>>> print(open('structure_20.tsv').read())   # TSV, C-alpha atoms
chain	number	residue	atom	x	y	z
D	1	MET	CA	-15.58	-79.16	-50.10
D	2	ILE	CA	-13.46	-76.77	-52.07
D	3	THR	CA	-10.19	-76.01	-50.41
D	4	HIS	CA	-9.43	-72.40	-50.94
D	5	SER	CA	-5.94	-71.14	-51.23
D	6	ASP	CA	-4.04	-70.27	-48.14
D	7	ASP	CA	-4.35	-66.57	-48.85
D	8	GLY	CA	-8.11	-66.61	-48.52
D	9	PRO	CA	-10.87	-66.69	-51.11
D	10	ASP	CA	-9.68	-66.45	-54.68
D	11	PHE	CA	-12.64	-64.51	-56.01
D	12	ASP	CA	-15.96	-62.99	-55.00
D	13	PRO	CA	-19.07	-65.13	-55.09
D	14	ASP	CA	-20.49	-63.01	-57.91
D	15	ASP	CA	-17.35	-63.35	-59.92
D	16	PRO	CA	-18.05	-65.09	-63.21
D	17	LEU	CA	-15.21	-67.42	-62.39
D	18	ALA	CA	-17.29	-68.87	-59.60
D	19	VAL	CA	-19.44	-70.44	-62.29
D	20	ILE	CA	-16.51	-72.24	-63.77
D	21	LEU	CA	-14.73	-73.12	-60.61
D	22	ARG	CA	-17.75	-74.13	-58.65
D	23	PRO	CA	-17.58	-77.46	-56.88
D	24	PRO	CA	-18.72	-80.44	-58.93
D	25	SER	CA	-22.10	-80.73	-57.33
D	26	ASP	CA	-23.56	-83.12	-59.87
D	27	LEU	CA	-22.53	-86.64	-59.00
D	28	LEU	CA	-22.78	-89.56	-61.35
D	29	GLY	CA	-22.97	-92.88	-59.60
D	30	PRO	CA	-21.23	-95.88	-61.14
D	31	PRO	CA	-23.35	-98.47	-62.94
D	32	ALA	CA	-23.61	-101.90	-61.38
D	33	GLY	CA	-20.52	-104.02	-61.79
D	34	ARG	CA	-18.43	-101.11	-62.98
D	35	TYR	CA	-15.92	-101.45	-60.16
D	36	GLU	CA	-15.21	-105.12	-60.89
D	37	ALA	CA	-14.94	-104.42	-64.61
D	38	ILE	CA	-12.42	-101.64	-64.03
D	39	ARG	CA	-10.39	-103.81	-61.67
D	40	ARG	CA	-10.29	-106.66	-64.18
D	41	GLY	CA	-9.29	-104.27	-66.94
D	42	ALA	CA	-6.52	-102.80	-64.80
D	43	VAL	CA	-5.13	-106.23	-63.96
D	44	ARG	CA	-5.20	-107.24	-67.62
D	45	ARG	CA	-3.45	-104.04	-68.64
D	46	LYS	CA	-0.85	-104.50	-65.93
D	47	LEU	CA	-0.09	-108.00	-67.21
D	48	LEU	CA	0.10	-106.74	-70.77
D	49	ARG	CA	2.48	-104.02	-69.77
D	50	ALA	CA	4.66	-106.48	-67.87
D	51	ALA	CA	4.69	-108.84	-70.86
D	52	ALA	CA	5.53	-106.02	-73.22
D	53	GLY	CA	8.29	-104.88	-70.92
D	54	ALA	CA	9.72	-108.39	-70.68
D	55	GLY	CA	9.50	-108.79	-74.44
D	56	LEU	CA	11.23	-105.51	-75.02
D	57	LEU	CA	13.93	-106.42	-72.55
D	58	GLY	CA	14.42	-109.79	-74.25
D	59	ALA	CA	14.61	-108.16	-77.66
D	60	VAL	CA	17.18	-105.66	-76.48
D	61	THR	CA	19.21	-108.40	-74.80
D	62	ALA	CA	19.08	-110.51	-77.95
D	63	ALA	CA	20.06	-107.55	-80.11
D	64	VAL	CA	23.08	-106.95	-77.92
D	65	ALA	CA	24.07	-110.58	-77.34
D	66	LEU	CA	23.55	-112.07	-80.79
D	67	PRO	CA	26.24	-110.12	-82.62
D	68	VAL	CA	28.66	-111.05	-79.88
D	69	LEU	CA	27.76	-114.74	-80.00
D	70	LEU	CA	27.63	-115.01	-83.77
D	71	ALA	CA	30.90	-113.25	-84.35
D	72	PRO	CA	33.72	-115.61	-85.44
D	73	PRO	CA	36.20	-116.34	-82.69
D	74	GLU	CA	39.21	-114.20	-82.98
D	75	ARG	CA	42.44	-116.12	-83.63
D	76	PRO	CA	45.34	-115.21	-81.42
D	77	ALA	CA	47.67	-112.87	-83.13
D	78	SER	CA	50.59	-114.73	-84.66
D	79	PRO	CA	53.93	-113.67	-83.27
D	80	THR	CA	55.77	-111.46	-85.64
D	81	VAL	CA	59.09	-112.68	-86.87
D	82	PRO	CA	61.79	-110.37	-85.63
D	83	LEU	CA	63.64	-108.56	-88.32
D	84	ALA	CA	67.09	-109.79	-89.12
D	85	PRO	CA	69.89	-107.48	-88.17
D	86	PRO	CA	71.48	-105.65	-91.05
D	87	SER	CA	74.00	-107.88	-92.72
D	88	VAL	CA	77.59	-106.95	-92.54
D	89	SER	CA	78.26	-108.19	-96.08
D	90	GLY	CA	75.89	-105.77	-97.68
D	91	PRO	CA	76.60	-103.47	-100.56
D	92	PRO	CA	80.02	-101.99	-100.15
D	93	SER	CA	78.88	-98.53	-101.09
D	94	VAL	CA	76.33	-98.26	-98.33
D	95	SER	CA	77.53	-100.11	-95.30
D	96	GLY	CA	81.11	-100.82	-95.93
D	97	PRO	CA	83.65	-98.58	-94.32
D	98	PRO	CA	86.07	-96.85	-96.57
D	99	THR	CA	89.00	-99.00	-97.35
D	100	PRO	CA	91.91	-96.86	-98.12
D	101	SER	CA	94.17	-99.86	-98.55
D	102	GLY	CA	91.98	-101.47	-101.15
D	103	PRO	CA	92.32	-100.98	-104.81
D	104	PRO	CA	90.94	-97.64	-105.98
D	105	PRO	CA	87.67	-98.03	-107.82
D	106	SER	CA	87.76	-97.53	-111.46
D	107	PRO	CA	85.89	-94.58	-112.89
D	108	SER	CA	83.65	-96.77	-114.88
D	109	SER	CA	82.66	-99.30	-112.27
D	110	GLY	CA	82.57	-97.23	-109.06
D	111	PRO	CA	79.39	-95.21	-109.35
D	112	VAL	CA	77.50	-97.91	-111.17
D	113	GLU	CA	78.13	-100.58	-108.60
D	114	SER	CA	77.40	-98.36	-105.65
D	115	ARG	CA	74.04	-97.25	-106.98
D	116	PRO	CA	71.19	-99.14	-105.35
D	117	ALA	CA	69.10	-101.42	-107.46
D	118	ASP	CA	65.81	-99.66	-106.67
D	119	THR	CA	66.64	-96.53	-108.57
D	120	GLY	CA	64.71	-96.06	-111.73
D	121	PRO	CA	66.04	-97.18	-115.02
D	122	SER	CA	66.01	-93.68	-116.46
D	123	GLU	CA	68.03	-92.36	-113.56
D	124	SER	CA	70.64	-95.05	-113.88
D	125	SER	CA	71.04	-94.47	-117.56
D	126	GLY	CA	70.63	-90.73	-117.80
D	127	THR	CA	72.43	-89.29	-114.80
D	128	GLN	CA	75.80	-90.72	-114.59
D	129	GLY	CA	77.30	-88.18	-112.28
D	130	SER	CA	74.46	-87.89	-109.75
D	131	PRO	CA	75.36	-89.08	-106.28
D	132	PRO	CA	73.98	-92.50	-105.45
D	133	GLU	CA	71.23	-92.83	-102.88
D	134	VAL	CA	72.25	-94.21	-99.59
D	135	ALA	CA	70.46	-95.38	-96.57
D	136	PRO	CA	69.79	-92.74	-93.90
D	137	GLY	CA	72.28	-92.72	-91.15
D	138	ASN	CA	75.05	-93.95	-93.34
D	139	PRO	CA	76.71	-90.95	-94.84
D	140	PRO	CA	78.12	-91.73	-98.19
D	141	THR	CA	81.78	-92.03	-98.25
D	142	ARG	CA	83.63	-89.96	-100.69
D	143	ALA	CA	85.76	-92.87	-101.84
D	144	ALA	CA	82.78	-95.11	-102.47
D	145	THR	CA	80.37	-92.72	-104.05
D	146	SER	CA	82.25	-90.14	-105.92
D	147	ALA	CA	85.61	-91.22	-107.05
D	148	PRO	CA	85.73	-91.26	-110.74
D	149	THR	CA	89.38	-90.54	-110.81
D	150	SER	CA	91.81	-93.27	-110.21
D	151	VAL	CA	94.23	-91.18	-108.17
D	152	PRO	CA	92.84	-88.76	-105.56
D	153	THR	CA	94.09	-85.30	-106.13
D	154	PRO	CA	94.25	-82.84	-103.26
D	155	VAL	CA	94.10	-79.89	-105.56
D	156	PRO	CA	90.79	-79.46	-107.30
D	157	THR	CA	91.09	-79.78	-110.96
D	158	PRO	CA	89.19	-77.40	-113.11
D	159	LEU	CA	86.47	-79.08	-115.00
D	160	GLN	CA	85.12	-78.51	-118.36
D	161	PRO	CA	81.55	-77.19	-118.47
D	162	SER	CA	80.44	-80.35	-120.13
D	163	GLU	CA	82.05	-82.52	-117.49
D	164	ALA	CA	80.76	-80.48	-114.57
D	165	GLY	CA	77.25	-81.56	-115.23
D	166	ARG	CA	78.17	-85.16	-115.41
D	167	THR	CA	80.53	-85.47	-112.48
D	168	PRO	CA	79.56	-83.09	-109.75
D	169	GLY	CA	80.88	-85.30	-107.04
D	170	ALA	CA	84.41	-84.99	-108.27
D	171	THR	CA	84.89	-81.52	-106.90
D	172	PRO	CA	85.64	-81.23	-103.18
D	173	GLY	CA	83.06	-78.54	-102.65
D	174	SER	CA	80.25	-80.63	-103.92
D	175	GLY	CA	80.61	-83.37	-101.35
M	1	MET	CA	-1.26	-106.74	-47.93
M	2	LYS	CA	-3.28	-107.51	-51.02
M	3	ARG	CA	-6.45	-107.39	-48.96
M	4	SER	CA	-5.70	-103.91	-47.64
M	5	ARG	CA	-4.82	-102.70	-51.10
M	6	GLU	CA	-8.10	-104.03	-52.41
M	7	GLU	CA	-9.97	-102.27	-49.62
M	8	ALA	CA	-8.14	-99.02	-50.31
M	9	ALA	CA	-9.02	-99.27	-53.98
M	10	SER	CA	-12.65	-99.91	-53.17
M	11	GLU	CA	-12.82	-96.95	-50.80
M	12	LEU	CA	-11.14	-94.68	-53.28
M	13	PHE	CA	-13.56	-95.74	-55.97
M	14	ALA	CA	-16.58	-95.14	-53.78
M	15	ALA	CA	-15.32	-91.71	-52.75
M	16	LEU	CA	-14.06	-90.38	-56.03
M	17	TYR	CA	-15.86	-92.05	-58.89
M	18	PRO	CA	-19.20	-90.20	-58.60
M	19	ARG	CA	-17.50	-86.82	-58.39
M	20	LEU	CA	-15.13	-87.57	-61.22
M	21	ALA	CA	-17.85	-88.94	-63.46
M	22	GLY	CA	-20.08	-85.94	-62.59
M	23	TRP	CA	-17.27	-83.58	-63.51
M	24	CYS	CA	-16.78	-85.43	-66.80
M	25	ARG	CA	-20.50	-85.25	-67.44
M	26	ARG	CA	-20.25	-81.46	-67.46
M	27	LEU	CA	-17.67	-81.71	-70.19
M	28	VAL	CA	-18.99	-84.33	-72.55
M	29	ASP	CA	-22.18	-85.05	-74.35
M	30	ASP	CA	-23.73	-87.96	-72.51
M	31	ASP	CA	-23.57	-90.14	-69.42
M	32	GLY	CA	-22.06	-93.04	-71.31
M	33	THR	CA	-19.03	-91.05	-72.42
M	34	ALA	CA	-18.61	-89.63	-68.92
M	35	HIS	CA	-18.59	-93.14	-67.47
M	36	GLU	CA	-16.15	-94.29	-70.11
M	37	ILE	CA	-13.72	-91.52	-69.33
M	38	ALA	CA	-13.96	-91.92	-65.58
M	39	SER	CA	-13.54	-95.69	-65.90
M	40	GLU	CA	-10.52	-95.29	-68.13
M	41	ALA	CA	-8.95	-92.91	-65.63
M	42	PHE	CA	-9.44	-95.46	-62.85
M	43	THR	CA	-8.13	-98.26	-65.04
M	44	ARG	CA	-4.96	-96.32	-65.74
M	45	LEU	CA	-4.60	-95.51	-62.08
M	46	TRP	CA	-4.89	-99.12	-60.95
M	47	ALA	CA	-2.70	-100.43	-63.72
M	48	ARG	CA	0.12	-98.48	-62.07
M	49	TRP	CA	-1.33	-98.42	-58.59
M	50	THR	CA	1.96	-98.67	-56.74
M	51	SER	CA	3.70	-95.88	-58.59
M	52	VAL	CA	1.07	-93.16	-58.25
M	53	ALA	CA	1.63	-91.02	-55.21
M	54	GLU	CA	-1.52	-88.92	-55.34
M	55	PRO	CA	-4.46	-90.79	-56.87
M	56	ARG	CA	-6.90	-87.88	-56.83
M	57	GLY	CA	-4.69	-85.60	-58.84
M	58	PHE	CA	-3.79	-88.40	-61.21
M	59	LEU	CA	-7.46	-89.18	-61.82
M	60	TYR	CA	-8.46	-85.61	-62.60
M	61	VAL	CA	-5.51	-84.85	-64.82
M	62	THR	CA	-6.00	-88.11	-66.70
M	63	ALA	CA	-9.71	-87.43	-67.09
M	64	ALA	CA	-9.03	-83.92	-68.39
M	65	ASN	CA	-6.65	-85.29	-71.00
M	66	LEU	CA	-9.17	-87.94	-72.03
M	67	VAL	CA	-11.88	-85.31	-72.35
M	68	ARG	CA	-9.62	-83.22	-74.55
M	69	ASP	CA	-8.93	-86.28	-76.73
M	70	HIS	CA	-12.66	-86.90	-76.93
M	71	TRP	CA	-13.27	-83.37	-78.17
M	72	ARG	CA	-10.57	-83.68	-80.77
M	73	LYS	CA	-12.06	-86.93	-82.01
M	74	LEU	CA	-15.50	-85.35	-82.19
M	75	GLU	CA	-14.09	-82.41	-84.10
M	76	ARG	CA	-12.41	-84.70	-86.61
M	77	GLU	CA	-15.62	-86.62	-87.11
M	78	ARG	CA	-17.60	-83.42	-87.54
M	79	ARG	CA	-15.16	-82.15	-90.10
M	80	ALA	CA	-15.33	-85.39	-92.03
M	81	VAL	CA	-19.13	-85.40	-92.01
M	82	ARG	CA	-19.19	-81.72	-92.99
M	83	ARG	CA	-17.03	-82.47	-95.97
M	84	ALA	CA	-19.27	-85.34	-97.02
M	85	THR	CA	-22.70	-83.83	-96.51
M	86	VAL	CA	-24.42	-80.49	-96.47
M	87	GLU	CA	-23.14	-78.34	-93.66
M	88	ALA	CA	-26.59	-77.33	-92.45
M	89	ALA	CA	-27.55	-80.90	-91.78
M	90	VAL	CA	-24.83	-81.41	-89.17
M	91	ARG	CA	-24.74	-78.13	-87.36
M	92	PRO	CA	-23.01	-78.68	-84.01
M	93	GLY	CA	-26.03	-77.70	-82.00
M	94	THR	CA	-26.29	-80.96	-80.13
M	95	GLU	CA	-23.41	-80.21	-77.83
M	96	GLN	CA	-24.50	-80.33	-74.24
M	97	ALA	CA	-21.21	-79.85	-72.49
M	98	ASP	CA	-21.01	-77.06	-69.98
M	99	PRO	CA	-19.37	-74.32	-72.04
M	100	SER	CA	-17.83	-72.62	-69.04
M	101	VAL	CA	-16.07	-75.73	-67.84
M	102	ARG	CA	-15.15	-76.59	-71.35
M	103	LEU	CA	-13.48	-73.21	-71.51
M	104	LEU	CA	-11.44	-74.21	-68.51
M	105	VAL	CA	-9.96	-77.29	-70.09
M	106	GLN	CA	-9.77	-76.01	-73.61
M	107	SER	CA	-8.32	-72.56	-73.23
M	108	LEU	CA	-5.76	-73.06	-70.51
M	109	PRO	CA	-2.31	-74.34	-71.26
M	110	GLU	CA	-1.43	-77.52	-69.43
M	111	ARG	CA	0.91	-75.74	-67.08
M	112	LEU	CA	-2.00	-73.65	-65.77
M	113	ARG	CA	-4.74	-76.21	-66.20
M	114	VAL	CA	-3.24	-78.83	-63.94
M	115	PRO	CA	-3.06	-76.62	-60.80
M	116	ILE	CA	-6.64	-75.43	-61.39
M	117	LEU	CA	-7.87	-78.98	-61.78
M	118	LEU	CA	-6.05	-80.22	-58.72
M	119	HIS	CA	-6.92	-77.28	-56.53
M	120	TYR	CA	-10.53	-76.58	-57.42
M	121	TYR	CA	-11.82	-79.94	-58.63
M	122	ALA	CA	-9.61	-82.56	-57.01
M	123	ASP	CA	-9.96	-80.61	-53.76
M	124	MET	CA	-6.28	-80.47	-53.00
M	125	PRO	CA	-4.68	-77.72	-50.93
M	126	ILE	CA	-1.90	-75.67	-52.47
M	127	ARG	CA	0.72	-77.53	-50.47
M	128	GLU	CA	-0.27	-80.84	-52.02
M	129	VAL	CA	-0.50	-79.34	-55.49
M	130	SER	CA	3.00	-78.04	-54.98
M	131	VAL	CA	4.31	-81.47	-54.01
M	132	LEU	CA	2.49	-83.19	-56.84
M	133	THR	CA	3.58	-80.83	-59.58
M	134	GLY	CA	7.09	-80.32	-58.22
M	135	ARG	CA	6.65	-76.56	-58.11
M	136	LYS	CA	7.08	-74.22	-55.19
M	137	GLU	CA	3.99	-73.09	-53.35
M	138	GLY	CA	4.56	-69.53	-54.50
M	139	THR	CA	4.77	-70.74	-58.07
M	140	VAL	CA	1.53	-72.67	-57.70
M	141	LYS	CA	-0.20	-69.58	-56.34
M	142	ALA	CA	1.14	-67.53	-59.22
M	143	ASP	CA	-0.02	-70.18	-61.68
M	144	LEU	CA	-3.50	-70.21	-60.15
M	145	HIS	CA	-3.66	-66.45	-60.34
M	146	ALA	CA	-2.54	-66.43	-63.96
M	147	ALA	CA	-5.07	-69.13	-64.82
M	148	ARG	CA	-7.90	-67.19	-63.21
M	149	GLU	CA	-6.95	-64.05	-65.07
M	150	LEU	CA	-6.84	-65.95	-68.32
M	151	LEU	CA	-10.22	-67.52	-67.67
M	152	ARG	CA	-11.70	-64.15	-66.76
M	153	ALA	CA	-10.48	-62.67	-70.01
M	154	GLN	CA	-11.83	-65.62	-71.98
M	155	LEU	CA	-15.19	-65.35	-70.24
M	156	ARG	CA	-15.40	-61.62	-70.94
M	157	ARG	CA	-14.58	-62.24	-74.57
M	158	SER	CA	-17.20	-64.96	-74.95
M	159	VAL	CA	-19.84	-62.78	-73.27
M	160	ASP	CA	-19.02	-59.90	-75.60
M	161	HIS	CA	-19.22	-62.27	-78.50
M	162	THR	CA	-22.70	-63.48	-77.53
M	163	LEU	CA	-24.00	-59.96	-77.10
>>> encode(input="structure_20.tsv", output="structure tokens")
Amino acid sequence: MITHSDDGPDFDPDDPLAVILRPPSDLLGPPAGRYEAIRRGAVRRKLLRAAAGAGLLGAVTAAVALPVLLAPPERPASPTVPLAPPSVSGPPSVSGPPTPSGPPPSPSSGPVESRPADTGPSESSGTQGSPPEVAPGNPPTRAATSAPTSVPTPVPTPLQPSEAGRTPGATPGSG
Amino acid sequence: MKRSREEAASELFAALYPRLAGWCRRLVDDDGTAHEIASEAFTRLWARWTSVAEPRGFLYVTAANLVRDHWRKLERERRAVRRATVEAAVRPGTEQADPSVRLLVQSLPERLRVPILLHYYADMPIREVSVLTGRKEGTVKADLHAARELLRAQLRRSVDHTL
């Protein structure tokens, strides 16, 4: 009855292991009706397992599908309005080309008008001689930004120490 | 189809139940528990009848696990009673399980116990044990050898302890 390993007997007959690994000689016959009871129990358990599996599958499906169904429908994205091209009649200090034929700006009005409006109030009041901020890509023109003098002078004029701090843009080397 | 499956189940039951229940009887206290365990093993087998490739091995391994659970439950109950009453009144002298077979199931790790159960009790050749456990035949032989050595050592220790 016992199938020994392919290498031959595993142990001697007087080996104490033979007591443990002896063939199950004592048989225990099933009580009457045990077979039918086991079969009924197995069928019931099979049905229960199938029901539990179906329930689990349904729960998982619901858990996945409900958030998708209950989510509000997404509105189509509204088309974005294209940005207007930069206006030609913008601030003369930023976009306007230098106009040599125009009237020379006055020392008092030139830097103030060319300064953008978004600069802070302290900057506009405290730093008179600082160069105005311009948009990137548009290099400030010397005539528009730093021309406090009414007549351009090719020869740099020496400045007083007090004036140098206020009008740095007046010197050619500072531009 | 269903008829043949029913016949196969009936034949399997007639061939294996007495041996399985007798083996369980050596491990537990009474006939009733042995029948319970053997019946539960068959119920589990037939609840997944189509997916079990080797019913004999499945029955013995399931029965061994159920027996181990039964022992654990008994031990818990004994501990609880011992805490509640005088220890002398509930001395575990009523145990009738075959201590040598109990040693087999209790002392071996599952990796070694399963090949022993399948080979020596479920009457399966090494080739089938190899297929069922997914191990190579050489590995199964090595596992059987290691299990025997472990059992020998345990037996020697228990004999020394009794003397």
>>> closest_residue(input="structure_20.tsv", among="M:Thr43, M:Ser107, M:Ser51, M:Thr33", to="chain D", atoms="only C-alpha atoms")
M:Thr43
>>> residues_around(input="structure_20.tsv", residues="M:Glu128", least_positions_apart="3", cutoff="12 Å", atoms="all atoms listed in the file", output="list of chain:residue names")
D:Thr3, D:Ser5, D:Asp6, M:Ala53, M:Glu54, M:Pro55, M:Arg56, M:Gly57, M:Pro115, M:Leu118, M:His119, M:Ala122, M:Asp123, M:Met124, M:Pro125, M:Val131, M:Leu132, M:Thr133, M:Gly134, M:Arg135, M:Lys136, M:Glu137, M:Val140
>>> axis_aligned_box(input="structure_20.tsv", around="stretch 9-20 of chain M", padding_each_side="5 Å", output="JSON")
{"center_x": -14.1, "center_y": -93.4, "center_z": -56.0, "size_x": 20.2, "size_y": 23.1, "size_z": 20.4}
>>> interface_residues(input="structure_20.tsv", of="chain M", to="chain D", cutoff="6 Å", atoms="all atoms listed in the file", output="number ranges by chain")
M: 18-19, 21-23, 43, 46-47, 100-101, 123, 125
>>> atom_distance(input="structure_20.tsv", atom1="atom CA of D:Ala54", atom2="atom CA of D:Leu66")
17.5 Å
>>> atom_distance(input="structure_20.tsv", atom1="atom CA of M:Glu110", atom2="atom CA of M:Ala147")
10.2 Å
>>> residues_around(input="structure_20.tsv", residues="stretch 71-88 of chain M", least_positions_apart="3", cutoff="10 Å", atoms="only C-alpha atoms", output="MDAnalysis selection string")
chainID M and resid 27:29 65:68 91:92 102 106
>>> atom_distance(input="structure_20.tsv", atom1="atom CA of M:Val114", atom2="atom CA of M:Arg26")
17.6 Å
>>> closest_residue(input="structure_20.tsv", among="M:Val61, M:Ala14, M:Leu103, M:Cys24", to="M:Arg148", atoms="all atoms listed in the file")
M:Leu103
